[in-house]
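Source file: coords35.cif; contents: mmCIF, C-alpha atoms and all ligand atoms.
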data_upload
#
loop_
_atom_site.label_atom_id
_atom_site.label_comp_id
_atom_site.auth_asym_id
_atom_site.auth_seq_id
_atom_site.Cartn_x
_atom_site.Cartn_y
_atom_site.Cartn_z
CA MET A 1 51.63 -132.09 18.41
CA SER A 2 49.31 -134.94 17.52
CA ARG A 3 45.88 -135.21 19.11
CA THR A 4 44.82 -138.40 20.87
CA VAL A 5 41.50 -139.78 19.60
CA THR A 6 39.26 -142.80 20.10
CA VAL A 7 36.56 -143.95 17.68
CA LEU A 8 33.72 -145.93 19.28
CA GLY A 9 31.87 -147.79 16.54
CA SER A 10 34.73 -147.38 14.06
CA THR A 11 33.39 -149.97 11.60
CA GLY A 12 30.01 -148.28 11.10
CA SER A 13 29.00 -145.59 8.66
CA ILE A 14 30.03 -142.69 10.96
CA GLY A 15 33.15 -144.51 12.19
CA VAL A 16 34.35 -145.09 8.64
CA SER A 17 33.57 -141.46 7.71
CA THR A 18 35.59 -140.31 10.73
CA LEU A 19 38.68 -142.29 9.72
CA SER A 20 38.19 -141.17 6.11
CA LEU A 21 38.14 -137.54 7.27
CA PHE A 22 41.37 -138.04 9.23
CA GLU A 23 42.95 -139.43 6.10
CA GLU A 24 41.59 -136.79 3.72
CA SER A 25 42.47 -133.88 5.99
CA GLY A 26 45.84 -135.24 7.04
CA ALA A 27 44.83 -134.45 10.65
CA ASP A 28 47.68 -135.31 13.01
CA VAL A 29 45.96 -137.94 15.14
CA GLU A 30 47.22 -140.64 17.43
CA ILE A 31 44.54 -143.30 17.81
CA VAL A 32 44.13 -144.63 21.31
CA ALA A 33 41.29 -147.11 20.68
CA LEU A 34 39.00 -148.40 17.96
CA THR A 35 35.90 -150.39 18.92
CA ALA A 36 33.32 -152.39 16.96
CA GLY A 37 30.28 -154.57 17.62
CA ARG A 38 30.72 -157.71 15.53
CA GLN A 39 32.63 -156.79 12.36
CA VAL A 40 35.93 -158.31 13.36
CA GLU A 41 37.52 -158.40 9.92
CA LYS A 42 36.86 -154.72 9.27
CA LEU A 43 38.06 -153.78 12.76
CA ALA A 44 41.30 -155.70 12.30
CA GLU A 45 41.85 -154.09 8.91
CA GLN A 46 41.34 -150.61 10.41
CA ALA A 47 43.62 -151.44 13.34
CA LEU A 48 46.44 -152.59 11.07
CA LYS A 49 46.14 -149.36 9.11
CA TRP A 50 45.65 -146.89 11.99
CA ARG A 51 47.72 -148.62 14.68
CA PRO A 52 45.61 -147.84 17.77
CA LYS A 53 46.96 -148.91 21.16
CA LEU A 54 43.77 -150.94 21.70
CA ALA A 55 41.17 -152.68 19.48
CA VAL A 56 37.95 -153.89 21.13
CA ILE A 57 35.21 -156.11 19.75
CA GLU A 58 31.95 -156.12 21.69
CA ASP A 59 31.05 -159.67 20.61
CA GLU A 60 33.15 -161.91 22.85
CA THR A 61 32.91 -164.87 20.47
CA LYS A 62 35.02 -162.86 18.00
CA LEU A 63 37.96 -162.18 20.33
CA ALA A 64 40.03 -165.19 19.22
CA GLU A 65 39.71 -164.11 15.60
CA LEU A 66 40.66 -160.52 16.44
CA ARG A 67 43.77 -161.75 18.31
CA GLU A 68 44.71 -163.95 15.40
CA ARG A 69 44.30 -161.16 12.86
CA LEU A 70 46.33 -158.72 14.98
CA ALA A 71 48.99 -161.22 16.09
CA GLY A 72 52.46 -159.70 16.12
CA SER A 73 51.15 -156.15 15.62
CA GLY A 74 51.63 -155.11 19.25
CA ILE A 75 48.02 -153.86 19.34
CA GLU A 76 46.25 -154.74 22.57
CA THR A 77 42.91 -156.57 22.11
CA ALA A 78 39.83 -157.02 24.30
CA ALA A 79 36.15 -157.99 24.02
CA GLY A 80 32.78 -157.47 25.67
CA PRO A 81 30.66 -154.47 26.65
CA ALA A 82 32.85 -153.69 29.68
CA ALA A 83 35.93 -153.61 27.44
CA VAL A 84 34.18 -151.15 25.10
CA ARG A 85 33.50 -148.92 28.11
CA GLU A 86 37.09 -149.28 29.29
CA ALA A 87 38.29 -148.25 25.83
CA ALA A 88 36.30 -145.02 26.25
CA GLU A 89 37.96 -144.53 29.64
CA ARG A 90 41.42 -144.56 28.07
CA ASP A 91 43.04 -141.18 27.84
CA ALA A 92 41.99 -139.81 24.43
CA ALA A 93 41.36 -136.06 24.19
CA TRP A 94 38.65 -136.47 21.52
CA VAL A 95 36.17 -139.34 21.35
CA MET A 96 33.86 -140.08 18.46
CA SER A 97 30.72 -141.69 19.92
CA ALA A 98 29.33 -143.62 16.94
CA ILE A 99 27.92 -146.83 18.39
CA VAL A 100 24.30 -147.36 17.35
CA GLY A 101 21.54 -147.55 19.94
CA SER A 102 21.45 -147.21 23.71
CA ALA A 103 24.41 -149.65 23.80
CA GLY A 104 26.43 -146.47 23.22
CA LEU A 105 25.29 -144.84 26.46
CA SER A 106 27.72 -146.42 28.91
CA PRO A 107 30.90 -145.84 26.83
CA THR A 108 29.77 -142.30 25.94
CA LEU A 109 29.26 -141.53 29.63
CA ALA A 110 32.68 -142.99 30.40
CA ALA A 111 34.32 -140.58 27.96
CA ALA A 112 32.25 -137.66 29.28
CA ARG A 113 33.13 -138.47 32.89
CA ARG A 114 36.83 -137.98 32.31
CA GLY A 115 36.33 -134.64 30.56
CA ALA A 116 37.04 -135.67 26.96
CA VAL A 117 35.61 -133.74 24.03
CA VAL A 118 32.81 -136.07 22.94
CA ALA A 119 31.79 -135.83 19.30
CA LEU A 120 28.29 -137.25 19.62
CA ALA A 121 26.73 -139.14 16.72
CA ASN A 122 25.04 -141.70 18.99
CA LYS A 123 21.75 -139.83 19.37
CA GLU A 124 20.11 -142.67 21.32
CA SER A 125 22.37 -142.03 24.32
CA LEU A 126 21.22 -138.43 24.40
CA VAL A 127 17.55 -139.39 24.02
CA CYS A 128 17.97 -141.98 26.76
CA CYS A 129 19.88 -139.84 29.22
CA GLY A 130 20.54 -136.39 27.74
CA PRO A 131 20.36 -134.05 30.73
CA SER A 132 22.59 -136.32 32.87
CA LEU A 133 25.09 -136.87 30.07
CA LEU A 134 25.44 -133.12 29.47
CA ARG A 135 25.71 -132.40 33.20
CA ILE A 136 28.38 -135.06 33.66
CA ALA A 137 30.40 -133.74 30.70
CA ALA A 138 30.19 -130.14 31.96
CA ALA A 139 31.13 -131.12 35.53
CA ALA A 140 34.21 -132.94 34.23
CA GLY A 141 35.30 -129.90 32.22
CA GLY A 142 34.68 -131.58 28.88
CA ARG A 143 32.03 -130.94 26.29
CA VAL A 144 29.63 -132.69 23.98
CA ILE A 145 29.69 -131.48 20.37
CA PRO A 146 26.87 -132.76 18.18
CA VAL A 147 27.68 -134.66 14.99
CA ASP A 148 24.12 -135.29 13.86
CA SER A 149 23.96 -132.96 10.84
CA GLU A 150 20.87 -131.03 12.04
CA HIS A 151 22.34 -130.40 15.47
CA SER A 152 25.72 -129.54 14.06
CA ALA A 153 23.92 -126.94 11.92
CA ILE A 154 22.12 -125.45 14.93
CA PHE A 155 25.31 -125.58 17.00
CA GLN A 156 27.01 -123.52 14.29
CA VAL A 157 24.29 -120.85 13.93
CA LEU A 158 23.22 -120.51 17.54
CA GLN A 159 24.44 -117.17 18.87
CA GLU A 160 25.12 -117.61 22.56
CA PRO A 161 24.77 -113.92 23.53
CA CYS A 162 21.18 -113.79 22.26
CA ARG A 163 19.98 -117.23 23.30
CA ASP A 164 16.99 -115.64 25.03
CA LYS A 165 15.90 -114.07 21.71
CA LEU A 166 15.57 -117.44 20.00
CA ALA A 167 12.08 -117.92 18.53
CA THR A 168 12.17 -121.35 16.90
CA MET A 169 14.51 -124.07 15.77
CA THR A 170 13.61 -125.84 12.54
CA LEU A 171 15.00 -129.28 11.88
CA THR A 172 15.07 -130.21 8.22
CA ALA A 173 14.17 -133.77 7.22
CA SER A 174 14.78 -135.44 3.88
CA GLY A 175 11.47 -137.28 4.21
CA GLY A 176 13.27 -140.58 3.67
CA PRO A 177 12.65 -143.16 0.94
CA PHE A 178 8.84 -143.24 1.47
CA ARG A 179 8.20 -139.50 1.32
CA THR A 180 5.95 -139.84 -1.73
CA TRP A 181 4.59 -143.36 -1.06
CA THR A 182 0.95 -144.06 -0.25
CA TYR A 183 0.02 -145.48 3.13
CA GLU A 184 -0.92 -148.77 1.45
CA ALA A 185 2.46 -149.02 -0.29
CA MET A 186 4.21 -148.28 3.01
CA ARG A 187 2.35 -151.17 4.62
CA ALA A 188 4.16 -153.59 2.30
CA ALA A 189 7.57 -151.86 2.44
CA THR A 190 10.54 -154.23 2.84
CA PRO A 191 13.74 -153.71 4.85
CA GLU A 192 15.67 -153.31 1.57
CA GLN A 193 13.35 -150.50 0.49
CA ALA A 194 13.48 -148.86 3.92
CA VAL A 195 17.28 -148.74 4.09
CA ALA A 196 17.67 -147.30 0.57
CA HIS A 197 17.94 -143.68 1.67
CA PRO A 198 17.79 -141.13 -1.16
CA ASN A 199 20.54 -138.76 0.11
CA TRP A 200 22.58 -140.29 2.92
CA SER A 201 24.44 -143.57 3.18
CA MET A 202 23.95 -144.73 6.77
CA GLY A 203 23.70 -147.77 9.04
CA ALA A 204 20.56 -149.92 8.85
CA LYS A 205 18.96 -148.73 12.11
CA ILE A 206 19.11 -144.99 11.40
CA SER A 207 18.05 -145.64 7.80
CA VAL A 208 14.85 -147.31 9.04
CA ASP A 209 14.40 -144.44 11.51
CA SER A 210 14.62 -142.04 8.57
CA ALA A 211 12.02 -144.05 6.68
CA THR A 212 9.54 -143.92 9.61
CA MET A 213 10.71 -140.37 10.43
CA MET A 214 11.29 -141.52 14.02
CA ASN A 215 14.76 -140.20 13.27
CA LYS A 216 13.31 -136.68 13.25
CA GLY A 217 11.44 -137.51 16.46
CA LEU A 218 14.66 -138.63 18.14
CA GLU A 219 16.32 -135.48 16.79
CA MET A 220 13.65 -133.20 18.29
CA ILE A 221 14.40 -134.73 21.68
CA GLU A 222 18.13 -134.48 21.00
CA ALA A 223 17.74 -130.77 20.11
CA SER A 224 15.61 -130.04 23.14
CA TYR A 225 18.25 -131.50 25.48
CA LEU A 226 21.34 -130.21 23.69
CA PHE A 227 20.13 -126.65 23.34
CA ALA A 228 17.74 -126.47 26.33
CA VAL A 229 14.76 -125.54 24.16
CA PRO A 230 11.19 -126.66 24.90
CA GLU A 231 9.30 -128.92 22.51
CA LYS A 232 6.95 -126.15 21.34
CA GLN A 233 9.86 -124.15 19.92
CA ILE A 234 11.09 -127.01 17.73
CA ASP A 235 9.66 -127.39 14.22
CA VAL A 236 10.24 -129.93 11.48
CA VAL A 237 10.16 -129.20 7.76
CA VAL A 238 10.71 -131.70 4.97
CA HIS A 239 13.48 -130.59 2.61
CA PRO A 240 14.14 -133.45 0.17
CA GLN A 241 17.51 -132.17 -1.11
CA SER A 242 19.19 -132.26 2.36
CA ILE A 243 21.23 -129.13 1.63
CA ILE A 244 19.95 -126.90 4.43
CA HIS A 245 20.81 -128.94 7.51
CA SER A 246 18.68 -126.92 9.96
CA MET A 247 17.99 -123.37 11.04
CA VAL A 248 17.35 -121.03 13.91
CA GLU A 249 14.91 -118.14 13.86
CA TYR A 250 15.41 -115.17 16.17
CA ALA A 251 12.82 -112.82 17.66
CA ASP A 252 13.72 -110.06 15.18
CA GLY A 253 12.56 -112.22 12.24
CA SER A 254 16.05 -113.23 11.10
CA THR A 255 16.64 -116.92 10.31
CA LEU A 256 20.15 -118.40 10.18
CA ALA A 257 20.71 -121.69 8.40
CA GLN A 258 23.72 -123.90 7.73
CA LEU A 259 24.13 -125.44 4.27
CA GLY A 260 26.33 -128.08 2.71
CA PRO A 261 26.28 -131.18 0.53
CA PRO A 262 24.96 -134.25 2.40
CA ASP A 263 28.29 -135.69 3.60
CA MET A 264 28.71 -136.58 7.29
CA ARG A 265 32.41 -135.77 7.12
CA ALA A 266 31.47 -132.07 7.25
CA PRO A 267 29.75 -132.19 10.68
CA ILE A 268 32.46 -134.59 11.90
CA ALA A 269 35.11 -132.05 10.81
CA CYS A 270 33.21 -129.34 12.67
CA ALA A 271 33.10 -131.44 15.84
CA TYR A 272 36.79 -132.27 15.48
CA ALA A 273 38.14 -128.75 15.09
CA TRP A 274 35.57 -126.54 16.84
CA PRO A 275 35.87 -123.55 17.30
CA ASP A 276 38.47 -123.74 14.51
CA ARG A 277 37.83 -125.28 11.07
CA LEU A 278 39.49 -128.38 9.65
CA PRO A 279 40.49 -128.00 5.99
CA TRP A 280 39.85 -131.09 3.85
CA PRO A 281 38.90 -131.60 0.19
CA ALA A 282 35.19 -131.32 0.96
CA PRO A 283 32.65 -131.65 -1.83
CA LYS A 284 31.61 -128.16 -2.91
CA LEU A 285 28.11 -126.80 -2.69
CA ASP A 286 26.95 -125.81 -6.17
CA LEU A 287 23.59 -124.05 -5.78
CA ALA A 288 23.29 -123.17 -9.47
CA ALA A 289 23.67 -126.84 -10.40
CA LEU A 290 21.06 -127.78 -7.79
CA GLY A 291 18.66 -125.21 -9.23
CA GLN A 292 16.12 -125.31 -6.44
CA LEU A 293 15.63 -126.18 -2.82
CA THR A 294 12.11 -127.30 -1.90
CA PHE A 295 10.18 -127.61 1.35
CA GLU A 296 6.96 -129.25 2.53
CA ALA A 297 5.21 -129.99 5.81
CA PRO A 298 5.67 -133.54 7.15
CA ASP A 299 2.64 -135.81 6.71
CA LEU A 300 1.81 -136.76 10.29
CA GLN A 301 -0.74 -139.37 9.18
CA ARG A 302 1.80 -141.45 7.28
CA PHE A 303 4.62 -140.62 9.69
CA PRO A 304 3.05 -140.79 13.19
CA ALA A 305 6.48 -141.29 14.82
CA ILE A 306 7.04 -137.52 14.82
CA ASP A 307 4.02 -137.01 17.06
CA ILE A 308 4.88 -139.98 19.27
CA ALA A 309 8.28 -138.39 19.95
CA ARG A 310 6.69 -135.01 20.57
CA GLN A 311 4.40 -136.61 23.14
CA ALA A 312 7.32 -138.37 24.83
CA LEU A 313 9.23 -135.10 25.00
CA LYS A 314 6.19 -133.31 26.47
CA LEU A 315 5.69 -136.09 29.03
CA GLY A 316 9.32 -135.69 30.04
CA GLY A 317 11.06 -137.77 32.70
CA HIS A 318 12.19 -141.06 31.24
CA ALA A 319 9.45 -141.24 28.58
CA PRO A 320 11.98 -140.53 25.78
CA ALA A 321 14.21 -143.37 27.07
CA ALA A 322 11.23 -145.74 27.02
CA MET A 323 10.25 -144.60 23.54
CA ASN A 324 13.80 -145.05 22.25
CA ALA A 325 14.05 -148.59 23.66
CA ALA A 326 10.68 -149.56 22.15
CA ASN A 327 11.80 -148.16 18.80
CA GLU A 328 15.08 -150.11 18.88
CA VAL A 329 13.16 -153.35 19.51
CA ALA A 330 10.62 -152.58 16.76
CA VAL A 331 13.27 -151.63 14.18
CA GLY A 332 15.16 -154.84 14.97
CA ALA A 333 11.98 -156.90 14.46
CA PHE A 334 11.25 -155.12 11.17
CA LEU A 335 14.80 -155.71 9.89
CA ASP A 336 14.36 -159.39 10.87
CA ARG A 337 11.12 -159.38 8.80
CA ARG A 338 9.02 -160.29 11.85
CA ILE A 339 6.77 -157.20 11.70
CA GLY A 340 5.67 -154.87 8.93
CA PHE A 341 6.89 -151.33 8.34
CA LEU A 342 3.78 -149.61 9.74
CA ASP A 343 3.98 -151.88 12.81
CA ILE A 344 7.12 -150.04 13.93
CA ALA A 345 5.43 -146.81 14.99
CA ALA A 346 2.29 -148.69 16.08
CA SER A 347 4.27 -150.92 18.44
CA VAL A 348 6.20 -147.97 19.90
CA ARG A 349 2.90 -146.23 20.67
CA ASP A 350 1.42 -149.43 22.09
CA THR A 351 4.49 -149.98 24.30
CA LEU A 352 4.26 -146.44 25.69
CA ASP A 353 0.52 -146.91 26.32
CA ARG A 354 1.16 -150.17 28.16
CA LEU A 355 3.89 -148.63 30.26
CA ASN A 356 1.30 -145.94 30.99
CA GLY A 357 3.60 -143.60 32.85
CA GLY A 358 5.58 -146.47 34.34
CA TRP A 359 8.77 -144.82 33.19
CA ASP A 360 8.73 -142.56 36.21
CA LEU A 361 8.10 -145.27 38.81
CA THR A 362 11.80 -145.64 39.47
CA PRO A 363 13.73 -145.24 42.68
CA GLY A 364 15.31 -141.82 43.09
CA GLY A 365 19.05 -141.46 43.02
CA ASP A 366 21.21 -142.22 40.06
CA GLU A 367 19.59 -140.80 36.92
CA VAL A 368 21.72 -142.88 34.58
CA GLU A 369 20.91 -146.10 36.38
CA ALA A 370 17.22 -145.16 36.29
CA ALA A 371 17.39 -144.51 32.53
CA MET A 372 19.05 -147.89 32.00
CA MET A 373 16.35 -149.60 34.07
CA ILE A 374 13.67 -147.88 32.01
CA ASP A 375 15.48 -148.93 28.84
CA ALA A 376 15.52 -152.58 29.98
CA GLY A 377 11.88 -152.50 31.17
CA ALA A 378 10.61 -150.89 27.97
CA ARG A 379 12.52 -153.46 25.92
CA ARG A 380 10.70 -156.27 27.73
CA VAL A 381 7.27 -154.73 27.09
CA ALA A 382 8.14 -153.84 23.48
CA THR A 383 9.30 -157.42 22.86
CA GLU A 384 5.88 -158.71 24.03
CA VAL A 385 4.09 -156.19 21.80
CA VAL A 386 6.25 -157.07 18.80
CA ASP A 387 5.91 -160.83 19.41
CA ARG A 388 2.15 -160.48 19.40
CA LEU A 389 2.22 -158.53 16.12
CA ALA A 390 4.62 -161.06 14.60
CA ALA A 391 2.31 -163.94 15.61
CA VAL A 392 -0.72 -162.52 13.75
CA ARG A 393 1.20 -161.60 10.63
P1 LIG B 1 26.22 -148.37 11.91
O1 LIG B 1 25.26 -149.46 12.19
O2 LIG B 1 26.74 -148.21 10.54
O3 LIG B 1 27.48 -148.53 12.89
C1 LIG B 1 27.35 -148.77 14.26
C2 LIG B 1 28.69 -149.07 14.90
O4 LIG B 1 28.46 -149.49 16.27
C3 LIG B 1 29.46 -150.21 14.24
O5 LIG B 1 30.84 -150.00 14.38
C4 LIG B 1 29.04 -151.42 15.07
O6 LIG B 1 29.97 -152.46 14.97
C5 LIG B 1 28.98 -150.81 16.45
N1 LIG B 1 28.06 -151.52 17.36
C6 LIG B 1 26.81 -151.97 17.06
N2 LIG B 1 26.26 -152.53 18.16
C7 LIG B 1 27.16 -152.41 19.16
C8 LIG B 1 27.17 -152.80 20.54
N3 LIG B 1 26.12 -153.41 21.10
N4 LIG B 1 28.27 -152.50 21.28
C9 LIG B 1 29.33 -151.89 20.72
N5 LIG B 1 29.38 -151.52 19.43
C10 LIG B 1 28.32 -151.77 18.66
O7 LIG B 1 25.53 -147.02 12.41
P2 LIG B 1 25.83 -145.53 11.91
O8 LIG B 1 24.96 -145.19 10.77
O9 LIG B 1 27.30 -145.29 11.81
O10 LIG B 1 25.25 -144.72 13.15
C11 LIG B 1 25.94 -144.63 14.40
C12 LIG B 1 25.22 -143.64 15.30
O11 LIG B 1 25.30 -142.35 14.68
C13 LIG B 1 23.72 -143.91 15.45
O12 LIG B 1 23.33 -143.55 16.75
C14 LIG B 1 23.06 -143.00 14.44
O13 LIG B 1 21.76 -142.62 14.80
C15 LIG B 1 24.01 -141.82 14.47
N6 LIG B 1 24.01 -141.02 13.23
C16 LIG B 1 24.40 -141.59 12.07
C17 LIG B 1 24.39 -140.85 10.88
C18 LIG B 1 24.86 -141.45 9.59
O14 LIG B 1 24.92 -140.73 8.59
N7 LIG B 1 25.19 -142.72 9.52
C19 LIG B 1 23.97 -139.51 10.91
C20 LIG B 1 23.58 -138.96 12.13
C21 LIG B 1 23.61 -139.72 13.29
MG MG B 2 20.36 -136.24 11.48
#
Is it possible to give me this structure as structure tokens?
Amino acid sequence: MSRTVTVLGSTGSIGVSTLSLFEESGADVEIVALTAGRQVEKLAEQALKWRPKLAVIEDETKLAELRERLAGSGIETAAGPAAVREAAERDAAWVMSAIVGSAGLSPTLAAARRGAVVALANKESLVCCGPSLLRIAAAAGGRVIPVDSEHSAIFQVLQEPCRDKLATMTLTASGGPFRTWTYEAMRAATPEQAVAHPNWSMGAKISVDSATMMNKGLEMIEASYLFAVPEKQIDVVVHPQSIIHSMVEYADGSTLAQLGPPDMRAPIACAYAWPDRLPWPAPKLDLAALGQLTFEAPDLQRFPAIDIARQALKLGGHAPAAMNAANEVAVGAFLDRRIGFLDIAASVRDTLDRLNGGWDLTPGGDEVEAAMMIDAGARRVATEVVDRLAAVR
């Protein structure tokens, strides 16, 4: 029997990899909905190929074009953020959450609320609202399976019966395109240089996060929430080959790691079939051809974002949500060439300092609503900080 699936963010890097995996594996899927932000042509092309019941474009100005492109196909169309959320509410057993940024939170929650299996690539929703999202999914009888390669690795090697014997979790990081650059060279780095990741082909936002290593910061928070592990038990090691995707060390001195070529279709396949395995013509790991795997400590001077995220995680409450929002604003400004590369981490720190604990001054009650309020408030402050930096540039 075919499995009903929805892909949120189908036109992005993860969305495309998900559809590619379905094709390569021959998985028997029936697509309920595909959603995209602005890329209407690509969405229409995917819809005509995959024949979902519904195709949604977030940008309302693109709805007429979507309708035109899908005319006569019998595929239902809709637009706007509410329509994206409604797509996630439709009855698909498995939902790929691959929208970028905290814009993915509301649709991801919608899928979790109705008990779907949520394959979670959208790390920002977890950073913004992790504990509530996981609680909501569990209460609805569904589950959240991580797609982020590091968390997929940990998910695969974590042995539930001896969770209390876990010593540390180590997230591997490629180090990004500026791993060997000097601080001065990083100051002048352009968006083109920042998005040219050495190992992974990804969307622009996560590529910049990899270059600042805020990606690893977001992933520490993601790991802490997903696996209920405190900040002090989470380590980061730079591993430029991106073959070991992460590891778990137990109290008896044994470390378990998960390895594979850097191809996101592998963690997506894991999230699709878990606890089974999905056969597909995956690229093979050839250790002899690789020759060596190397490791180094992250340089916290050149990559302060790791420490900023650690601080936010230690502060707790909605500090990670505020940090995430500030980072989204700063990365947007850098990609628009309004601020420099080093200004990204600096403006995130400045925003958190200005908020000065203000992320917890929210009315009690709905945790999700509170996180969204913090997200909006932090965006306003971050925009002021970024505007000031842009003005003196
Ligand atoms: P991307 O930019 O390539 O794609 C993002 C998708 O979301 C696109 O389909 C886009 O149209 C859609 N979108 C953008 N803004 C939207 C909005 N406001 N409302 C609705 N839809 C919107 O990004 P990506 O690289 O595929 O990453 C997606 C998510 O997965 C991110 O959270 C990222 O951190 C995470 N992730 C990606 C990778 C990777 O290899 N690309 C690895 C791990 C985690
Ligand atoms: Mg990752």
Please build the interface table for chain A against ligand MG 2 (chain B) with a cut-off of 7 Å, listing for each qualifying residue the nearest atom pair and the distance in Å to one decimal; count only C-alpha atoms and all ligand atoms, order rows by chain and increasing number, and write it as JSON lines.
{"residue": "A:Asp148", "atom": "CA", "partner": "B:MG2", "partner_atom": "MG", "distance": 4.6}
{"residue": "A:Ser149", "atom": "CA", "partner": "B:MG2", "partner_atom": "MG", "distance": 4.9}
{"residue": "A:Glu150", "atom": "CA", "partner": "B:MG2", "partner_atom": "MG", "distance": 5.3}
{"residue": "A:Glu219", "atom": "CA", "partner": "B:MG2", "partner_atom": "MG", "distance": 6.7}
Q: Using all atoms listed in the file, collect all residues at a distance of at most 8 Å from (14.3, -144.9, 25.4) as written in the file, then present them as JSON, numbers by chain.
A: {"A": [102, 124, 127, 128, 318, 319, 320, 321, 322, 323, 324, 325, 326, 327, 371, 374, 375, 378]}
Q | Near-ligand residues for ligand LIG 1 (chain B), threshold 6 Å, only C-alpha atoms and all ligand atoms, as a PyMOL selection string | A | chain A and resi 9-15+36-39+58+98-101+103+121-124+148+202-204+206+264
Q) What separation in Å, quoted to one decimal, exists between atom CA of A:Leu34 and atom CA of A:Thr77? A)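 If I compute the distance from atom CA of A:Leu34 to atom CA of A:Thr77, I get 10.0 Å.
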Fewer than 3 positions away in the same chain doesn't count, so skip those; otherwise give me all residues within 8 Å of A:Lys62, counting all atoms listed in the file, as an mmCIF file with C-alpha atoms, in the coordinates of the input.
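Final file, out-v4.cif:
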data_model
loop_
_atom_site.group_PDB
_atom_site.id
_atom_site.type_symbol
_atom_site.label_atom_id
_atom_site.label_comp_id
_atom_site.auth_asym_id
_atom_site.auth_seq_id
_atom_site.Cartn_x
_atom_site.Cartn_y
_atom_site.Cartn_z
ATOM 1 C CA ARG A 38 30.720 -157.710 15.530
ATOM 2 C CA VAL A 40 35.930 -158.310 13.360
ATOM 3 C CA ILE A 57 35.210 -156.110 19.750
ATOM 4 C CA ASP A 59 31.050 -159.670 20.610
ATOM 5 C CA GLU A 65 39.710 -164.110 15.600
ATOM 6 C CA LEU A 66 40.660 -160.520 16.440
ATOM 7 C CA ALA A 79 36.150 -157.990 24.020
#
Q: List the neighbours of A:Ala305 out to 9 Å using only C-alpha atoms; skip same-chain residues closer than 3 positions along the sequence, and give me the result as a list in words.
A: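 Near neighbours after the sequence-gap exclusion: Thr212, Met213, Met214, Asn215, Lys216, Gly217, Leu300, Arg302, Ile308, Ala309, Arg310, Ile344, Ala345, Ala346, Val348 and Arg349 of chain A.
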Q. Between A:Val208, A:Ala55, A:Ile268, A:Leu335, which is the closest to A:Ala33 once you count all atoms listed in the file?
A. A:Ala55
Q) Any idea what the distance is between atom CA of A:Ser210 and atom CA of A:Gly176? A) 5.3 Å
Q. Hey, which of A:Glu192, A:Lys284, A:Ala71, A:Glu249 ends up closest to A:Asp336? Count only C-alpha atoms.
A.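 Smallest distance to A:Asp336 is found for A:Glu192.
Comparing the minimum interatomic distances between A:Arg3 and each of A:Gly142, A:Ile154, A:Arg179, A:Ala273, counting all atoms listed in the file, we find that A:Ala273 sits nearest.
Nearest to A:Gly104 of all the residues A:Ala92, A:Arg380, A:Ala228, A:Met372 is A:Met372, counting all atoms listed in the file.
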(Q) For a quick check of your reading of the model, name the residues lying within 8 Å of the coordinate (4.8, -130.9, 19.4), counting all atoms listed in the file, and write them as a ChimeraX atom specification. (A) /A:231-232,234-235,307,310-311,314
